[in-house]
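Right, one structure below, let's go through it.
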Amino acid sequence: MDVRLRLARNLRRLREQKGWSQEKFAFEANIHRTYVPDIERGARNPTIVVVEKLAVPLGVTAAELLAE
């Protein structure tokens, strides 16, 4: 599976487990609110810095976000 799709799947699953909307999650990750839906669709190729920003509020490592 493409790494962007793995990230999208894991990100959505973890975000939904927290009960957060995409907008709330973007706020928690300190990224623009329109960026999360693009990542969750696999339409963006975020940098490793952004992957780390996504991982921190979810309480996981960047590696866990990219894992199968």
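Each chain in the structure tokens gets a letter, A, B, ..., in the order shown, and its residues are numbered from 1; ligands are numbered from 1 in order too.
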Considering only C-alpha atoms, return as an mmCIF file with N, CA, C and O atoms, in the first residue's frame whatever protein or nucleic-acid residues lie within 6 Å of Leu66 in chain A, sequence-local ones (same chain, fewer than 3 positions apart) excluded.
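Writing done, so here's around05.cif:
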data_model
loop_
_atom_site.group_PDB
_atom_site.id
_atom_site.type_symbol
_atom_site.label_atom_id
_atom_site.label_comp_id
_atom_site.auth_asym_id
_atom_site.auth_seq_id
_atom_site.Cartn_x
_atom_site.Cartn_y
_atom_site.Cartn_z
ATOM 1 N N ARG A 6 -1.471 4.669 3.681
ATOM 2 C CA ARG A 6 -1.290 4.138 5.045
ATOM 3 C C ARG A 6 -1.427 5.257 6.056
ATOM 4 O O ARG A 6 -2.097 5.112 7.077
ATOM 5 N N LEU A 7 -0.782 6.381 5.783
ATOM 6 C CA LEU A 7 -0.884 7.538 6.671
ATOM 7 C C LEU A 7 -2.335 7.984 6.782
ATOM 8 O O LEU A 7 -2.838 8.222 7.886
ATOM 9 N N ALA A 63 6.415 7.027 13.252
ATOM 10 C CA ALA A 63 6.522 5.679 12.682
ATOM 11 C C ALA A 63 5.206 4.923 12.770
ATOM 12 O O ALA A 63 4.827 4.200 11.847
#
Pick out the residues sitting within 10 Å of Val3 in chain A, and hand them over as a list in words; count only C-alpha atoms, and ignore anything fewer than 4 positions along from it in its own chain. Leu7, Ala8, Arg9, Gly42, Asn45, Leu65, Leu66, Ala67 and Glu68 of chain A
Give me a file of those residues, with C-alpha atoms, as a compact mmCIF listing (two decimals), in the first residue's frame.
# COMPACT_ATOMS: atom_id res chain seq x y z
CA LEU A 7 -0.88 7.54 6.67
CA ALA A 8 -4.42 8.52 5.65
CA ARG A 9 -5.94 5.32 7.05
CA GLY A 42 -4.09 10.74 0.36
CA ASN A 45 2.44 14.30 0.61
CA LEU A 65 1.31 6.75 11.69
CA LEU A 66 3.20 5.28 8.74
CA ALA A 67 2.97 1.61 9.81
CA GLU A 68 0.87 -1.03 8.08
* **Which of chain A fall in alpha helix (DSSP H), as a ChimeraX atom specification** => /A:3-18,22-29,35-40,48-58,62-66
| request: Quote the spacing between CA of Val50 in chain A and CA of Arg15 in chain A in Å to one decimal place. | output: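 Taking CA of Val50 in chain A as the start and CA of Arg15 in chain A as the end point, the length is 15.4 Å.
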Item checked: Which residue of A:Arg4, A:Lys18, A:Asn10, A:Glu64 approaches Thr47 in chain A most closely, using only C-alpha atoms ->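 Closest candidate: A:Arg4.
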- Task: Might you pull out every residue within 12 Å of Pro37 in chain A, with only C-alpha atoms counted and same-chain residues fewer than 3 positions away left off, and present them as a VMD selection string?
- Result: chain A and resid 8 to 9 11 to 12 15 21 to 26 31 to 34 40 to 44
Keeping only C-alpha atoms, take the residues you just selected and write them out as a PDB file, in the first residue's frame.
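Produced file part.pdb, reproduced below:
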ATOM      1  CA  ALA A   8      -4.420   8.522   5.655  1.00  0.00           C
ATOM      2  CA  ARG A   9      -5.941   5.322   7.049  1.00  0.00           C
ATOM      3  CA  LEU A  11      -4.639   9.192  10.806  1.00  0.00           C
ATOM      4  CA  ARG A  12      -8.381   8.905  10.282  1.00  0.00           C
ATOM      5  CA  ARG A  15      -8.509  10.864  15.017  1.00  0.00           C
ATOM      6  CA  SER A  21     -13.442  16.476  13.977  1.00  0.00           C
ATOM      7  CA  GLN A  22     -10.896  17.240  11.298  1.00  0.00           C
ATOM      8  CA  GLU A  23     -11.008  20.888  12.336  1.00  0.00           C
ATOM      9  CA  LYS A  24     -10.430  20.089  16.033  1.00  0.00           C
ATOM     10  CA  PHE A  25      -7.552  17.784  15.123  1.00  0.00           C
ATOM     11  CA  ALA A  26      -5.960  20.441  12.909  1.00  0.00           C
ATOM     12  CA  ILE A  31      -1.781  22.936  11.125  1.00  0.00           C
ATOM     13  CA  HIS A  32      -4.253  24.602   8.775  1.00  0.00           C
ATOM     14  CA  ARG A  33      -7.742  23.119   9.012  1.00  0.00           C
ATOM     15  CA  THR A  34      -7.962  22.385   5.269  1.00  0.00           C
ATOM     16  CA  GLU A  40      -6.849  11.792   4.943  1.00  0.00           C
ATOM     17  CA  ARG A  41      -7.711  11.451   1.247  1.00  0.00           C
ATOM     18  CA  GLY A  42      -4.087  10.738   0.360  1.00  0.00           C
ATOM     19  CA  ALA A  43      -4.036  13.883  -1.765  1.00  0.00           C
ATOM     20  CA  ARG A  44      -1.106  15.461   0.085  1.00  0.00           C
TER      21      ARG A  44
END
Computed gap from CA of Pro57 in chain A to CA of Gly19 in chain A is 12.6 Å
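Excluding Ile48 in chain A and any residue on its chain fewer than 3 positions from it, the residues at most 8 Å away by only C-alpha atoms are Val51, Glu52 and Ala62 of chain A.
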Those same residues, written as a PDB file, in the first residue's frame with C-alpha atoms?
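For reference, out12.pdb as written:
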ATOM      1  CA  VAL A  51       3.867  13.863  10.182  1.00  0.00           C
ATOM      2  CA  GLU A  52       5.457  14.494  13.587  1.00  0.00           C
ATOM      3  CA  ALA A  62       5.507   9.269  13.422  1.00  0.00           C
TER       4      ALA A  62
END
